[in-house]
There are 2 protein chains.
Amino acid sequence: MKQPTKADTVYQALRQAIIEQDLKPGAKLPEDEIGTPFGISRTVVREALARLHTDGLVSTGGKRTATVATPSLEEAKDVFRVRRALEREAIRMVADKWTPEIAARFAGHLREEDAARAAGDMKLSVRLAERFHILLAELTENAILLGYMTQLVSRCSLILSVYGRPHSADCSVCEHGGIVEALAAGRPEEAVKLMDRHIVSVETRTLDRDAGEGPSLADILSRHAGDLDLEGNEAGPKRL
Amino acid sequence: MKQPTKADTVYQALRQAIIEQDLKPGAKLPEDEIGTPFGISRTVVREALARLHTDGLVSTGGKRTATVATPSLEEAKDVFRVRRALEREAIRMVADKWTPEIAARFAGHLREEDAARAAGDMKLSVRLAERFHILLAELTENAILLGYMTQLVSRCSLILSVYGRPHSADCSVCEHGGIVEALAAGRPEEAVKLMDRHIVSVETRTLDRDAGEGPSLADILSRHAGDLDLEGNEAGPKRL
DNA sequence: TAGGATATTTTTGCATACGAATATGCAGCC
DNA sequence: GGCTGCATATTCGTATGCAAAAATATCCTA
């Protein structure tokens, strides 16, 4: 048994703040400013930031102060592509070891999702929609897959907060339901196909800019700044 | 572009030492003992160690001194399972964007592999066999996939050094050749199938103890140690 | 001699200190 | 007014110090 170390706490806190969009992409994350609220020193904060960096959630490099990462469009596509592959695999793995307990877990989760949507709680809805995929990964009982999936889902949240339109999570509930249905009915390949389409449609809803108004100018600029990332210091945050 | 920071150097050095089996699983890695050869302080070493931990190459937790990780058998299977999924995806991605340049890259690599095997250079052969998979991941031009693949291949090296028999990399060269051939001939699904079989056969050669003499007692013991080691450490993110 | 309690040494977790690189603000110039 | 160049304030990278937890050695007793 293990109690979380201080670094863990800071890590989780920052992570949560980022994927809940309390910290917007591009936001600066000075080490001591983060440390003081927790009453801890930079050493610990630095460790947490390093971890967030490997998760792709913050960009830190050179000697510049760490910032919440601003994923580029290619990066976003890359994330979705890998995620899609792993989600398919996860479906197959869970299908292979299907049990009534698993069915019950899914059923319970879907009820929660439904309730949240019925209550109109957008925030909770989105969180539960993400949780669905984590649940799937957990049920594979493959720790590696779960770890990667967790990272990928987090990154998708971040991507959503850069490119996404507010109502992106609309009908995921029904899609999730369909997937579980196919699994429960013992049609794994159908479930795989549904999951694949689900991820593609999430990606499309998130990244496809043609439908609807484009992102704000500020978003575009900061996206570009994300591309340049490590070299030029030309990005003009003072201009915003 | 970007000069490697000191932590990078230490990280790479340790990583290399681990996957080349100069540091055997279970070996202790005290921070200052590592630092002194490089003339750096524990702070930097600690960062490198942390990164290796997220790579799954060292186990560090509680206040115990860090050690080279000893993957459990389940962990090994999990790694291979995820790797297999990503390798298949990588094949499809590269098949989709096949060009003469890519063909040349593969051809060049296969020549190297052949040469190393002809020269009987076991060490180099193994390294090149791993490099083949990294090359494949690079050619997808998907940074996320490349990152994960790199981690997985490293972990496989470590797994090999716990469970593997010395001659495990024997006929990978011909298998690699077959995969490239199928790709070049424009038969992507055949390449996918070959890759899948290739990974399965690597896994079997590595993990299947039934054929041939069992592992040494020391191996069994350290494997057990590995099981205990990981129990309280990761894989329990919902243990609030 | 074996077993166990205790003292000693390692080694870690965390805080702090200091030089160096970067960002910011301000004066002067076009 | 807007831009360039320097002075100052931030913020980072890294080393070191100290208390506490492990690991190891030591000694005492049966």
# chains A, B, ... in the order shown; residues from 1 in each chain; ligands from 1
$ closest_atom_pairs --of "chain D" --to "chain A" --cutoff "8 Å" --atoms "only C-alpha atoms (C1' of nucleotides)" --output "CSV"
residue,atom,partner,partner_atom,distance
D:DT11,C1',A:Thr65,CA,6.9
D:DC12,C1',A:Lys63,CA,5.8
D:DG13,C1',A:Lys63,CA,8.0
$ calpha_fit_rmsd --fixed "chain A" --moving "chain B"
4.9 Å
$ interface_residues --of "chain A" --to "chain C" --cutoff "12 Å" --atoms "only C-alpha atoms (C1' of nucleotides)" --output "list in words"
Thr5, Lys6, Ala7, Gly35, Gly39, Ile40, Ser41, Arg42, Thr43, Val44, Val45, Glu47, Gly62, Lys63, Arg64, Thr65, Asn233 and Lys238 of chain A
$ closest_atom_pairs --of "chain A" --to "chain B" --cutoff "8 Å" --atoms "only C-alpha atoms" --output "CSV"
residue,atom,partner,partner_atom,distance
A:Met1,CA,B:Gly232,CA,4.9
A:Lys2,CA,B:Gly232,CA,5.8
A:Glu47,CA,B:Glu47,CA,7.2
A:Arg51,CA,B:Arg51,CA,7.9
A:Gly62,CA,B:Lys2,CA,7.8
A:Glu75,CA,B:Ala143,CA,7.5
A:Asp78,CA,B:Asn142,CA,5.5
A:Val79,CA,B:Ile144,CA,6.4
A:Val82,CA,B:Leu145,CA,6.3
A:Ala85,CA,B:Glu89,CA,6.6
A:Leu86,CA,B:Ala85,CA,7.0
A:Glu89,CA,B:Ala85,CA,6.6
A:Asn142,CA,B:Asp78,CA,5.5
A:Ala143,CA,B:Ala235,CA,5.7
A:Ile144,CA,B:Asp78,CA,6.3
A:Leu145,CA,B:Val82,CA,6.3
A:Glu231,CA,B:Met1,CA,7.5
$ atom_distance --atom1 "atom CA of Ile134 of chain B" --atom2 "atom CA of Val153 of chain B"
7.9 Å
$ select_by_dssp --residues "segment 46-80 of chain A" --states "helix (DSSP H, G or I)" --output "list in words"
Arg46, Glu47, Ala48, Leu49, Ala50, Arg51, Leu52, His53, Thr54, Leu73, Glu74, Glu75, Ala76, Lys77, Asp78, Val79 and Phe80 of chain A
$ select_by_dssp --residues "segment 53-230 of chain B" --states "strand (DSSP E)" --output "list in words"
Val58, Ser59, Thr67 and Val68 of chain B
$ write_last_selection --atoms "N, CA and C atoms" --output "PDB file, in the first residue's frame"
ATOM      1  N   VAL B  58      12.801   1.273 -14.652  1.00  0.00           N
ATOM      2  CA  VAL B  58      13.273   1.160 -13.277  1.00  0.00           C
ATOM      3  C   VAL B  58      12.072   1.257 -12.359  1.00  0.00           C
ATOM      4  N   SER B  59      12.175   0.575 -11.243  1.00  0.00           N
ATOM      5  CA  SER B  59      11.098   0.688 -10.272  1.00  0.00           C
ATOM      6  C   SER B  59      11.614   1.511  -9.111  1.00  0.00           C
ATOM      7  N   THR B  67      15.769   0.627  -8.461  1.00  0.00           N
ATOM      8  CA  THR B  67      16.420  -0.553  -9.032  1.00  0.00           C
ATOM      9  C   THR B  67      15.974  -0.714 -10.474  1.00  0.00           C
ATOM     10  N   VAL B  68      16.780  -1.432 -11.236  1.00  0.00           N
ATOM     11  CA  VAL B  68      16.343  -1.804 -12.569  1.00  0.00           C
ATOM     12  C   VAL B  68      15.125  -2.702 -12.416  1.00  0.00           C
TER      13      VAL B  68
END
$ atom_distance --atom1 "atom CA of Ala185 of chain B" --atom2 "atom CA of Ala95 of chain B"
9.9 Å
$ residues_around --residues "Glu87 of chain B" --least-positions-apart "6" --cutoff "9 Å" --atoms "only C-alpha atoms (C1' of nucleotides)" --output "list in words"
His133, Leu136, Ala137, Met149, Val192, Met195, Asp196 and Ile199 of chain B
$ decode --residues "segment 95-183 of chain B" --atoms "C-alpha atoms" --output "PDB file, in the first residue's frame"
ATOM      1  CA  ALA B  95       1.612   0.917 -46.240  1.00  0.00           C
ATOM      2  CA  ASP B  96      -0.747   3.816 -46.841  1.00  0.00           C
ATOM      3  CA  LYS B  97       2.067   6.226 -47.547  1.00  0.00           C
ATOM      4  CA  TRP B  98       4.486   3.889 -49.265  1.00  0.00           C
ATOM      5  CA  THR B  99       7.139   5.604 -51.395  1.00  0.00           C
ATOM      6  CA  PRO B 100      10.390   4.546 -53.053  1.00  0.00           C
ATOM      7  CA  GLU B 101      12.266   6.454 -50.337  1.00  0.00           C
ATOM      8  CA  ILE B 102      10.617   4.343 -47.683  1.00  0.00           C
ATOM      9  CA  ALA B 103      11.447   1.219 -49.627  1.00  0.00           C
ATOM     10  CA  ALA B 104      15.062   2.348 -49.764  1.00  0.00           C
ATOM     11  CA  ARG B 105      15.190   3.001 -46.041  1.00  0.00           C
ATOM     12  CA  PHE B 106      13.947  -0.508 -45.367  1.00  0.00           C
ATOM     13  CA  ALA B 107      16.256  -2.051 -47.918  1.00  0.00           C
ATOM     14  CA  GLY B 108      19.237  -0.323 -46.382  1.00  0.00           C
ATOM     15  CA  HIS B 109      18.276  -1.465 -42.950  1.00  0.00           C
ATOM     16  CA  LEU B 110      17.766  -5.054 -44.008  1.00  0.00           C
ATOM     17  CA  ARG B 111      21.218  -5.050 -45.597  1.00  0.00           C
ATOM     18  CA  GLU B 112      22.679  -3.919 -42.296  1.00  0.00           C
ATOM     19  CA  GLU B 113      20.843  -6.636 -40.450  1.00  0.00           C
ATOM     20  CA  ASP B 114      22.065  -9.222 -42.912  1.00  0.00           C
ATOM     21  CA  ALA B 115      25.623  -8.022 -42.651  1.00  0.00           C
ATOM     22  CA  ALA B 116      25.574  -8.115 -38.876  1.00  0.00           C
ATOM     23  CA  ARG B 117      24.205 -11.605 -38.884  1.00  0.00           C
ATOM     24  CA  ALA B 118      26.709 -12.744 -41.476  1.00  0.00           C
ATOM     25  CA  ALA B 119      29.480 -11.301 -39.321  1.00  0.00           C
ATOM     26  CA  GLY B 120      28.091 -13.200 -36.362  1.00  0.00           C
ATOM     27  CA  ASP B 121      27.853 -10.040 -34.309  1.00  0.00           C
ATOM     28  CA  MET B 122      25.127 -11.094 -31.930  1.00  0.00           C
ATOM     29  CA  LYS B 123      25.007  -7.861 -29.988  1.00  0.00           C
ATOM     30  CA  LEU B 124      24.676  -5.747 -33.091  1.00  0.00           C
ATOM     31  CA  SER B 125      22.133  -8.120 -34.570  1.00  0.00           C
ATOM     32  CA  VAL B 126      19.850  -7.760 -31.615  1.00  0.00           C
ATOM     33  CA  ARG B 127      20.208  -4.020 -31.616  1.00  0.00           C
ATOM     34  CA  LEU B 128      19.399  -3.798 -35.297  1.00  0.00           C
ATOM     35  CA  ALA B 129      16.431  -6.093 -34.914  1.00  0.00           C
ATOM     36  CA  GLU B 130      15.039  -3.638 -32.398  1.00  0.00           C
ATOM     37  CA  ARG B 131      15.965  -0.748 -34.605  1.00  0.00           C
ATOM     38  CA  PHE B 132      13.840  -2.225 -37.393  1.00  0.00           C
ATOM     39  CA  HIS B 133      10.723  -1.676 -35.378  1.00  0.00           C
ATOM     40  CA  ILE B 134      11.755   1.818 -34.405  1.00  0.00           C
ATOM     41  CA  LEU B 135      12.381   2.573 -38.054  1.00  0.00           C
ATOM     42  CA  LEU B 136       8.907   1.370 -38.911  1.00  0.00           C
ATOM     43  CA  ALA B 137       7.456   3.636 -36.232  1.00  0.00           C
ATOM     44  CA  GLU B 138       9.514   6.575 -37.467  1.00  0.00           C
ATOM     45  CA  LEU B 139       8.234   6.107 -40.975  1.00  0.00           C
ATOM     46  CA  THR B 140       4.662   6.491 -39.812  1.00  0.00           C
ATOM     47  CA  GLU B 141       5.597  10.078 -38.989  1.00  0.00           C
ATOM     48  CA  ASN B 142       3.348   9.817 -35.977  1.00  0.00           C
ATOM     49  CA  ALA B 143       5.259  11.150 -33.003  1.00  0.00           C
ATOM     50  CA  ILE B 144       2.918   9.642 -30.450  1.00  0.00           C
ATOM     51  CA  LEU B 145       3.143   6.206 -31.969  1.00  0.00           C
ATOM     52  CA  LEU B 146       6.904   6.505 -32.196  1.00  0.00           C
ATOM     53  CA  GLY B 147       7.146   7.438 -28.559  1.00  0.00           C
ATOM     54  CA  TYR B 148       5.030   4.546 -27.386  1.00  0.00           C
ATOM     55  CA  MET B 149       6.774   2.108 -29.679  1.00  0.00           C
ATOM     56  CA  THR B 150      10.138   3.205 -28.372  1.00  0.00           C
ATOM     57  CA  GLN B 151       9.005   2.598 -24.829  1.00  0.00           C
ATOM     58  CA  LEU B 152       7.533  -0.771 -25.685  1.00  0.00           C
ATOM     59  CA  VAL B 153      10.605  -1.956 -27.520  1.00  0.00           C
ATOM     60  CA  SER B 154      12.781  -0.933 -24.593  1.00  0.00           C
ATOM     61  CA  ARG B 155      10.565  -2.794 -22.213  1.00  0.00           C
ATOM     62  CA  CYS B 156      10.767  -5.830 -24.433  1.00  0.00           C
ATOM     63  CA  SER B 157      14.542  -5.672 -24.193  1.00  0.00           C
ATOM     64  CA  LEU B 158      14.265  -5.653 -20.459  1.00  0.00           C
ATOM     65  CA  ILE B 159      11.798  -8.499 -20.534  1.00  0.00           C
ATOM     66  CA  LEU B 160      14.178 -10.416 -22.717  1.00  0.00           C
ATOM     67  CA  SER B 161      16.924  -9.930 -20.196  1.00  0.00           C
ATOM     68  CA  VAL B 162      14.742 -11.502 -17.510  1.00  0.00           C
ATOM     69  CA  TYR B 163      13.042 -14.309 -19.357  1.00  0.00           C
ATOM     70  CA  GLY B 164      14.803 -14.599 -22.643  1.00  0.00           C
ATOM     71  CA  ARG B 165      17.057 -17.308 -23.869  1.00  0.00           C
ATOM     72  CA  PRO B 166      20.213 -16.066 -25.503  1.00  0.00           C
ATOM     73  CA  HIS B 167      19.386 -17.066 -29.049  1.00  0.00           C
ATOM     74  CA  SER B 168      16.002 -15.413 -29.143  1.00  0.00           C
ATOM     75  CA  ALA B 169      16.730 -13.088 -32.028  1.00  0.00           C
ATOM     76  CA  ASP B 170      17.678 -15.826 -34.423  1.00  0.00           C
ATOM     77  CA  CYS B 171      15.521 -15.681 -37.463  1.00  0.00           C
ATOM     78  CA  SER B 172      14.036 -12.245 -37.051  1.00  0.00           C
ATOM     79  CA  VAL B 173      15.944 -11.077 -40.081  1.00  0.00           C
ATOM     80  CA  CYS B 174      14.075 -13.273 -42.502  1.00  0.00           C
ATOM     81  CA  GLU B 175      10.787 -12.352 -40.817  1.00  0.00           C
ATOM     82  CA  HIS B 176      11.583  -8.667 -41.175  1.00  0.00           C
ATOM     83  CA  GLY B 177      12.427  -9.275 -44.798  1.00  0.00           C
ATOM     84  CA  GLY B 178       9.088 -10.951 -45.414  1.00  0.00           C
ATOM     85  CA  ILE B 179       7.212  -8.058 -43.911  1.00  0.00           C
ATOM     86  CA  VAL B 180       8.986  -5.501 -46.046  1.00  0.00           C
ATOM     87  CA  GLU B 181       8.458  -7.651 -49.088  1.00  0.00           C
ATOM     88  CA  ALA B 182       4.721  -7.788 -48.529  1.00  0.00           C
ATOM     89  CA  LEU B 183       4.660  -4.036 -48.019  1.00  0.00           C
TER      90      LEU B 183
END
